[in-house]
There are 2 protein chains.
Amino acid sequence: MTGRLNGRRVAILGGGLIGVSWAALFYHHGADVTLWDPSETARADANARMQKPLAHLATLDDDSATLGHLNITADLAQALDGAELIQENAPESIPLKHDLFAQVEALADPSTVIASSTSALTWSELAPGLADPSRLITAHPFNPPHLVPLVELYGVDPDRLDRAEQIYLAADRVPVRLRKDATGHIANRLASALWREAVHLVADGIADVEDVDAALVNGPGLRWSVLGAHMAYHLGGGDGGLAAYLAHLGPSQERRWSTLGNPTLSSDVQAQLVAGVSREAAGRDIATLENARDAALIAALKARKSAPGV
Amino acid sequence: MTGRLNGRRVAILGGGLIGVSWAALFYHHGADVTLWDPSETARADANARMQKPLAHLATLDDDSATLGHLNITADLAQALDGAELIQENAPESIPLKHDLFAQVEALADPSTVIASSTSALTWSELAPGLADPSRLITAHPFNPPHLVPLVELYGVDPDRLDRAEQIYLAADRVPVRLRKDATGHIANRLASALWREAVHLVADGIADVEDVDAALVNGPGLRWSVLGAHMAYHLGGGDGGLAAYLAHLGPSQERRWSTLGNPTLSSDVQAQLVAGVSREAAGRDIATLENARDAALIAALKARKSAPGV
């Protein structure tokens, strides 16, 4: 459903891959988007780089679009003027982000939400960059942000979290809140835990890279696209649900945890992983693989509209 | 595509949830299926319990069905007669399975593949039950087997593995091979690794059960339904692919691995998990949740036909 953000102003700071994807998303949903980037090169082709995300969003939404407005600028004050939400996507450097937040804090309306897309850094690491840290939240999207619905939120001001959440919801995102600041938020901690075992399976010679990936995509990955890990065990417990599962199989899960691997990314392991992914890619370049990913994500999201899962 | 197994005979040993799902799958694809169960109760309603899986499969396949034949029996010799594949789904007890394999070995044609659906046990634990262990393979499906395509294979006879693989492929499964026997095969090791961190996030107070599940379903779960974990990092490396990712972010992944949790399923943690899943279920009983899961799996599998992912 487009047009739900008509008349609302969103500032996007940083016109890289993530910034352009956010800009397309909010623009598609009717917002007045100002995209700020200090790099002339980034500004010059930002509009062109928005076209693919916009085409994805048009494919995904069946109703007729009421697009917003887009302004690309090098003037930070102009970018922030009237913005309800400032979505920051600067490089993952604490000093660089601290410096940017100081400039933003001096220019933006005090009520505005300053939301960082940071993946690698935490709220606690970024907050010292602001005189009033309550103005900052982390709002981590999952790549690509215009397709994958998740936005992970953490901050200390409930009112700002509520207001940001409403904007993300209006842009068809699924905001999820952390109760406590954590490196990797929720999703990248889960992804990292799974990948550690995926690397172990290869390093230990249990399975090849491409077979580990095929097992994931055709097994738990498919299932986790329709129900969560906790809910999956609830359904694994029969009529007694998760309580029955834990009583019956909790001890065997704890035993299995103790057998999981703890690999290191040695040069040998790295070479195995790179060779395996190369076999799996089978000559397809990154752009071709990304296009296959995006087409499949769009099809999966459309399927979800008719059958939303658990 | 149904009917590809016309004239081929498959024996299903054990008519519980998994056995009935396998029976429906092979029957739908045209096989002559004999379902053996020593329990009169299980035999009496096996046909009725096959109707839901069969309805799912009819929804999933657009072409007109050429169903097979189904025979439900308490006579093991009759069940095994002429079978190319024997799919065993007995309870997860080593002595019980050893005893069953001894009976099967005495009755079945020596060339037949004896495939165990075992989830908790390994080939190495089951093989001592046979005079000729090369007759046994493990062929672990992911629940529910008639919908989730993965079948994980391990065995020591390449010819038997090839023949089993051809039958699973003809039934629209995605067989994946282990190079080495491993507890939990591939997929349940990955699932267990992810769930350990999912439990940690709750136990450590970082996020609530329902928010961990929502983050998974709307983030990495969705993505892993279209591309594997290794491939995801290949696309995370830009034009340089996985090699560039590992050079740039390998060290930060290793640091993150060291911060992942190592929870125990204490009674407090179990209570938190059960309460959280109950909030997430929001009054829906297990059957309602299963129906939502199955409808979403069917929609996702249909979407995959048009856009198969990476």
# chains A, B, ... in the order shown; residues from 1 in each chain; ligands from 1

call {"tool": "select_by_dssp", "arguments": {"residues": "segment 105-302 of chain B", "states": "strand (DSSP E)", "output": "list in words"}}
result
Val113, Ile114, Ala115, Ser116, Leu136, Ile137, Thr138, Ala139, His140, Pro141, Leu150, Val151, Glu152, Leu153, Tyr154, Gly155, Val174, Pro175, Val176 and Arg177 of chain B

call {"tool": "residues_around", "arguments": {"residues": "segment 189-193 of chain A", "least_positions_apart": "2", "cutoff": "8 Å", "atoms": "only C-alpha atoms", "output": "ChimeraX atom specification"}}
result
/A:183-187,195-197 /B:193-195,197-198,216,220,229,253,256-257,260

call {"tool": "select_by_dssp", "arguments": {"residues": "segment 199-308 of chain B", "states": "helix (DSSP H, G or I)", "output": "PyMOL selection string"}}
result
chain B and resi 199-203+209-218+220-224+229-235+238-259+267-281+286-306

call {"tool": "closest_residue", "arguments": {"among": "B:Leu107, B:Val202, B:Leu289, B:Leu147", "to": "Leu25 of chain B", "atoms": "only C-alpha atoms"}}
result
B:Leu147

call {"tool": "atom_distance", "arguments": {"atom1": "atom CA of Asp213 of chain A", "atom2": "atom CA of Val199 of chain A"}}
result
10.7 Å

call {"tool": "residues_around", "arguments": {"residues": "Glu280 of chain A", "least_positions_apart": "5", "cutoff": "9 Å", "atoms": "only C-alpha atoms", "output": "ChimeraX atom specification"}}
result
/A:209-211,213,275 /B:231,310

call {"tool": "closest_residue", "arguments": {"among": "A:Pro38, A:Pro133, A:Gly276, A:Gly240", "to": "Val156 of chain A", "atoms": "only C-alpha atoms"}}
result
A:Pro133

call {"tool": "closest_atom_pairs", "arguments": {"of": "segment 140-233 of chain B", "to": "segment 108-115 of chain B", "cutoff": "9 Å", "atoms": "only C-alpha atoms", "output": "JSON lines"}}
result
{"residue": "B:His140", "atom": "CA", "partner": "B:Ala115", "partner_atom": "CA", "distance": 8.7}
{"residue": "B:Leu153", "atom": "CA", "partner": "B:Ala115", "partner_atom": "CA", "distance": 8.8}
{"residue": "B:Arg160", "atom": "CA", "partner": "B:Val113", "partner_atom": "CA", "distance": 6.0}
{"residue": "B:Leu161", "atom": "CA", "partner": "B:Val113", "partner_atom": "CA", "distance": 8.1}
{"residue": "B:Arg163", "atom": "CA", "partner": "B:Val113", "partner_atom": "CA", "distance": 7.9}
{"residue": "B:Ala164", "atom": "CA", "partner": "B:Val113", "partner_atom": "CA", "distance": 6.9}

call {"tool": "closest_residue", "arguments": {"among": "B:Leu57, B:Val151, B:Ser134, B:Ser266", "to": "Gln166 of chain B", "atoms": "only C-alpha atoms"}}
result
B:Val151

call {"tool": "residues_around", "arguments": {"residues": "Pro91 of chain B", "least_positions_apart": "6", "cutoff": "10 Å", "atoms": "only C-alpha atoms", "output": "PyMOL selection string"}}
result
chain B and resi 14+16+97+118

call {"tool": "residues_around", "arguments": {"residues": "segment 43-56 of chain A", "least_positions_apart": "3", "cutoff": "7 Å", "atoms": "only C-alpha atoms", "output": "ChimeraX atom specification"}}
result
/A:15,20-21,24,28,37,39-40,59-60,72,146

call {"tool": "write_last_selection", "arguments": {"atoms": "N, CA and C atoms", "output": "compact mmCIF listing (two decimals), in the first residue's frame"}}
result
# COMPACT_ATOMS: atom_id res chain seq x y z
N GLY A 15 24.32 8.05 0.64
CA GLY A 15 23.67 7.51 -0.56
C GLY A 15 24.35 6.26 -1.09
N VAL A 20 20.39 4.31 -0.49
CA VAL A 20 19.58 4.39 -1.70
C VAL A 20 18.36 3.46 -1.59
N SER A 21 18.56 2.31 -0.96
CA SER A 21 17.45 1.37 -0.78
C SER A 21 16.39 1.96 0.16
N ALA A 24 14.52 4.76 -1.73
CA ALA A 24 13.51 4.21 -2.64
C ALA A 24 12.28 3.75 -1.87
N HIS A 28 8.75 5.45 -2.41
CA HIS A 28 7.68 4.58 -2.93
C HIS A 28 6.42 4.69 -2.08
N ASP A 37 24.36 13.41 0.69
CA ASP A 37 25.66 12.73 0.63
C ASP A 37 26.71 13.77 0.31
N SER A 39 29.51 13.26 -1.04
CA SER A 39 30.28 12.89 -2.23
C SER A 39 29.52 13.23 -3.51
N GLU A 40 30.17 14.01 -4.37
CA GLU A 40 29.54 14.42 -5.62
C GLU A 40 29.25 13.18 -6.49
N THR A 59 6.70 -3.78 -8.52
CA THR A 59 6.31 -5.17 -8.78
C THR A 59 5.60 -5.78 -7.57
N LEU A 60 6.10 -5.40 -6.40
CA LEU A 60 5.60 -6.00 -5.16
C LEU A 60 4.21 -5.49 -4.79
N ILE A 72 17.97 15.40 -3.82
CA ILE A 72 19.33 14.93 -3.51
C ILE A 72 20.20 16.16 -3.28
N HIS A 146 14.80 -2.47 1.14
CA HIS A 146 13.50 -2.21 0.51
C HIS A 146 12.72 -3.51 0.29

call {"tool": "residues_around", "arguments": {"residues": "Leu242 of chain A", "least_positions_apart": "2", "cutoff": "9 Å", "atoms": "only C-alpha atoms", "output": "ChimeraX atom specification"}}
result
/A:230-238,240,244-247 /B:270,273-274,277-278

call {"tool": "closest_residue", "arguments": {"among": "B:Lys305, B:Arg284, B:Arg179, B:His200", "to": "chain A", "atoms": "only C-alpha atoms"}}
result
B:Arg179

call {"tool": "residues_around", "arguments": {"residues": "Asp162 of chain B", "least_positions_apart": "3", "cutoff": "12 Å", "atoms": "only C-alpha atoms", "output": "list in words"}}
result
Leu85, Val113, Ile137, Leu153, Tyr154, Gly155, Val156, Asp157, Pro158, Asp159, Glu165, Gln166, Ile167, Tyr168, Leu169, Pro175, Val176 and Arg177 of chain B

call {"tool": "write_last_selection", "arguments": {"atoms": "N, CA and C atoms", "output": "tab-separated table (two decimals), in the first residue's frame"}}
result
chain	number	residue	atom	x	y	z
B	85	LEU	N	12.88	-49.23	-2.49
B	85	LEU	CA	13.29	-48.36	-1.37
B	85	LEU	C	12.43	-48.72	-0.17
B	113	VAL	N	17.40	-50.68	-1.13
B	113	VAL	CA	17.95	-49.66	-0.25
B	113	VAL	C	17.12	-49.60	1.02
B	137	ILE	N	21.18	-46.78	4.46
B	137	ILE	CA	21.54	-45.36	4.38
B	137	ILE	C	20.67	-44.60	5.39
B	153	LEU	N	21.26	-37.32	3.06
B	153	LEU	CA	21.67	-38.70	2.83
B	153	LEU	C	23.07	-38.97	3.35
B	154	TYR	N	23.22	-40.13	4.00
B	154	TYR	CA	24.55	-40.65	4.31
B	154	TYR	C	24.53	-42.17	4.21
B	155	GLY	N	25.60	-42.73	3.70
B	155	GLY	CA	25.73	-44.17	3.61
B	155	GLY	C	27.11	-44.48	3.09
B	156	VAL	N	27.40	-45.79	2.90
B	156	VAL	CA	28.75	-46.15	2.46
B	156	VAL	C	28.76	-46.80	1.09
B	157	ASP	N	27.58	-47.06	0.52
B	157	ASP	CA	27.51	-47.71	-0.79
B	157	ASP	C	27.05	-46.68	-1.83
B	158	PRO	N	27.98	-46.20	-2.67
B	158	PRO	CA	27.64	-45.14	-3.62
B	158	PRO	C	26.49	-45.53	-4.54
B	159	ASP	N	26.42	-46.79	-4.92
B	159	ASP	CA	25.36	-47.23	-5.82
B	159	ASP	C	23.99	-47.11	-5.15
B	165	GLU	N	18.75	-41.54	-4.32
B	165	GLU	CA	18.69	-40.14	-4.75
B	165	GLU	C	17.74	-39.98	-5.95
B	166	GLN	N	17.81	-40.92	-6.89
B	166	GLN	CA	16.94	-40.84	-8.07
B	166	GLN	C	15.46	-40.93	-7.67
B	167	ILE	N	15.17	-41.79	-6.69
B	167	ILE	CA	13.77	-41.91	-6.25
B	167	ILE	C	13.31	-40.63	-5.55
B	168	TYR	N	14.17	-40.07	-4.68
B	168	TYR	CA	13.78	-38.82	-4.00
B	168	TYR	C	13.60	-37.68	-5.02
B	169	LEU	N	14.49	-37.62	-6.00
B	169	LEU	CA	14.36	-36.57	-7.03
B	169	LEU	C	13.04	-36.73	-7.78
B	175	PRO	N	17.64	-33.98	-2.48
B	175	PRO	CA	18.58	-34.75	-1.67
B	175	PRO	C	19.92	-34.03	-1.57
B	176	VAL	N	20.50	-34.09	-0.38
B	176	VAL	CA	21.81	-33.47	-0.11
B	176	VAL	C	22.65	-34.53	0.58
B	177	ARG	N	23.92	-34.65	0.21
B	177	ARG	CA	24.75	-35.71	0.77
B	177	ARG	C	25.74	-35.20	1.81

call {"tool": "atom_distance", "arguments": {"atom1": "atom CA of Ala83 of chain A", "atom2": "atom CA of Leu136 of chain A"}}
result
14.3 Å

call {"tool": "closest_residue", "arguments": {"among": "A:Asn6, A:Asn71, A:Asn89, A:Asn291", "to": "chain B", "atoms": "only C-alpha atoms"}}
result
A:Asn291

call {"tool": "closest_residue", "arguments": {"among": "A:Asp62, A:Leu70, A:Gln103, A:Gly7", "to": "Leu35 of chain A", "atoms": "only C-alpha atoms"}}
result
A:Leu70

call {"tool": "decode", "arguments": {"residues": "segment 42-66 of chain B", "atoms": "N, CA and C atoms", "output": "PDB file, in the first residue's frame"}}
result
ATOM      1  N   ALA B  42      -2.624 -47.643  14.532  1.00  0.00           N
ATOM      2  CA  ALA B  42      -1.948 -46.826  13.515  1.00  0.00           C
ATOM      3  C   ALA B  42      -2.448 -47.196  12.118  1.00  0.00           C
ATOM      4  N   ARG B  43      -2.603 -48.502  11.871  1.00  0.00           N
ATOM      5  CA  ARG B  43      -3.069 -48.928  10.538  1.00  0.00           C
ATOM      6  C   ARG B  43      -4.491 -48.440  10.270  1.00  0.00           C
ATOM      7  N   ALA B  44      -5.320 -48.483  11.333  1.00  0.00           N
ATOM      8  CA  ALA B  44      -6.745 -48.183  11.144  1.00  0.00           C
ATOM      9  C   ALA B  44      -6.974 -46.769  10.620  1.00  0.00           C
ATOM     10  N   ASP B  45      -6.189 -45.802  11.115  1.00  0.00           N
ATOM     11  CA  ASP B  45      -6.487 -44.430  10.663  1.00  0.00           C
ATOM     12  C   ASP B  45      -5.396 -43.847   9.762  1.00  0.00           C
ATOM     13  N   ALA B  46      -4.451 -44.687   9.312  1.00  0.00           N
ATOM     14  CA  ALA B  46      -3.360 -44.184   8.467  1.00  0.00           C
ATOM     15  C   ALA B  46      -3.914 -43.539   7.192  1.00  0.00           C
ATOM     16  N   ASN B  47      -4.873 -44.208   6.586  1.00  0.00           N
ATOM     17  CA  ASN B  47      -5.445 -43.671   5.355  1.00  0.00           C
ATOM     18  C   ASN B  47      -6.094 -42.312   5.595  1.00  0.00           C
ATOM     19  N   ALA B  48      -6.824 -42.210   6.682  1.00  0.00           N
ATOM     20  CA  ALA B  48      -7.466 -40.926   7.006  1.00  0.00           C
ATOM     21  C   ALA B  48      -6.421 -39.846   7.247  1.00  0.00           C
ATOM     22  N   ARG B  49      -5.311 -40.222   7.950  1.00  0.00           N
ATOM     23  CA  ARG B  49      -4.281 -39.225   8.247  1.00  0.00           C
ATOM     24  C   ARG B  49      -3.465 -38.837   7.013  1.00  0.00           C
ATOM     25  N   MET B  50      -3.566 -39.632   5.936  1.00  0.00           N
ATOM     26  CA  MET B  50      -2.879 -39.279   4.688  1.00  0.00           C
ATOM     27  C   MET B  50      -3.631 -38.214   3.885  1.00  0.00           C
ATOM     28  N   GLN B  51      -4.895 -37.990   4.219  1.00  0.00           N
ATOM     29  CA  GLN B  51      -5.710 -37.128   3.343  1.00  0.00           C
ATOM     30  C   GLN B  51      -5.245 -35.668   3.336  1.00  0.00           C
ATOM     31  N   LYS B  52      -4.823 -35.169   4.500  1.00  0.00           N
ATOM     32  CA  LYS B  52      -4.360 -33.776   4.522  1.00  0.00           C
ATOM     33  C   LYS B  52      -3.078 -33.602   3.715  1.00  0.00           C
ATOM     34  N   PRO B  53      -2.039 -34.448   3.941  1.00  0.00           N
ATOM     35  CA  PRO B  53      -0.859 -34.343   3.078  1.00  0.00           C
ATOM     36  C   PRO B  53      -1.200 -34.485   1.588  1.00  0.00           C
ATOM     37  N   LEU B  54      -2.109 -35.390   1.250  1.00  0.00           N
ATOM     38  CA  LEU B  54      -2.466 -35.559  -0.168  1.00  0.00           C
ATOM     39  C   LEU B  54      -3.140 -34.306  -0.720  1.00  0.00           C
ATOM     40  N   ALA B  55      -3.972 -33.683   0.103  1.00  0.00           N
ATOM     41  CA  ALA B  55      -4.621 -32.444  -0.348  1.00  0.00           C
ATOM     42  C   ALA B  55      -3.574 -31.343  -0.551  1.00  0.00           C
ATOM     43  N   HIS B  56      -2.585 -31.264   0.364  1.00  0.00           N
ATOM     44  CA  HIS B  56      -1.487 -30.295   0.180  1.00  0.00           C
ATOM     45  C   HIS B  56      -0.785 -30.513  -1.150  1.00  0.00           C
ATOM     46  N   LEU B  57      -0.475 -31.777  -1.440  1.00  0.00           N
ATOM     47  CA  LEU B  57       0.289 -32.092  -2.650  1.00  0.00           C
ATOM     48  C   LEU B  57      -0.523 -31.799  -3.904  1.00  0.00           C
ATOM     49  N   ALA B  58      -1.816 -32.028  -3.837  1.00  0.00           N
ATOM     50  CA  ALA B  58      -2.668 -31.710  -4.992  1.00  0.00           C
ATOM     51  C   ALA B  58      -2.706 -30.201  -5.217  1.00  0.00           C
ATOM     52  N   THR B  59      -2.714 -29.420  -4.129  1.00  0.00           N
ATOM     53  CA  THR B  59      -2.696 -27.959  -4.245  1.00  0.00           C
ATOM     54  C   THR B  59      -1.383 -27.470  -4.856  1.00  0.00           C
ATOM     55  N   LEU B  60      -0.317 -28.150  -4.473  1.00  0.00           N
ATOM     56  CA  LEU B  60       1.020 -27.719  -4.891  1.00  0.00           C
ATOM     57  C   LEU B  60       1.295 -28.017  -6.351  1.00  0.00           C
ATOM     58  N   ASP B  61       0.795 -29.134  -6.842  1.00  0.00           N
ATOM     59  CA  ASP B  61       1.079 -29.571  -8.207  1.00  0.00           C
ATOM     60  C   ASP B  61      -0.042 -29.142  -9.128  1.00  0.00           C
ATOM     61  N   ASP B  62       0.314 -28.450 -10.188  1.00  0.00           N
ATOM     62  CA  ASP B  62      -0.727 -27.965 -11.077  1.00  0.00           C
ATOM     63  C   ASP B  62      -1.177 -29.029 -12.075  1.00  0.00           C
ATOM     64  N   ASP B  63      -0.245 -29.927 -12.432  1.00  0.00           N
ATOM     65  CA  ASP B  63      -0.635 -30.911 -13.447  1.00  0.00           C
ATOM     66  C   ASP B  63      -1.531 -31.990 -12.840  1.00  0.00           C
ATOM     67  N   SER B  64      -2.259 -32.628 -13.697  1.00  0.00           N
ATOM     68  CA  SER B  64      -3.228 -33.611 -13.214  1.00  0.00           C
ATOM     69  C   SER B  64      -2.493 -34.806 -12.622  1.00  0.00           C
ATOM     70  N   ALA B  65      -3.007 -35.293 -11.547  1.00  0.00           N
ATOM     71  CA  ALA B  65      -2.333 -36.328 -10.776  1.00  0.00           C
ATOM     72  C   ALA B  65      -2.475 -37.707 -11.423  1.00  0.00           C
ATOM     73  N   THR B  66      -1.380 -38.475 -11.386  1.00  0.00           N
ATOM     74  CA  THR B  66      -1.466 -39.906 -11.679  1.00  0.00           C
ATOM     75  C   THR B  66      -1.025 -40.593 -10.399  1.00  0.00           C
TER      76      THR B  66
END
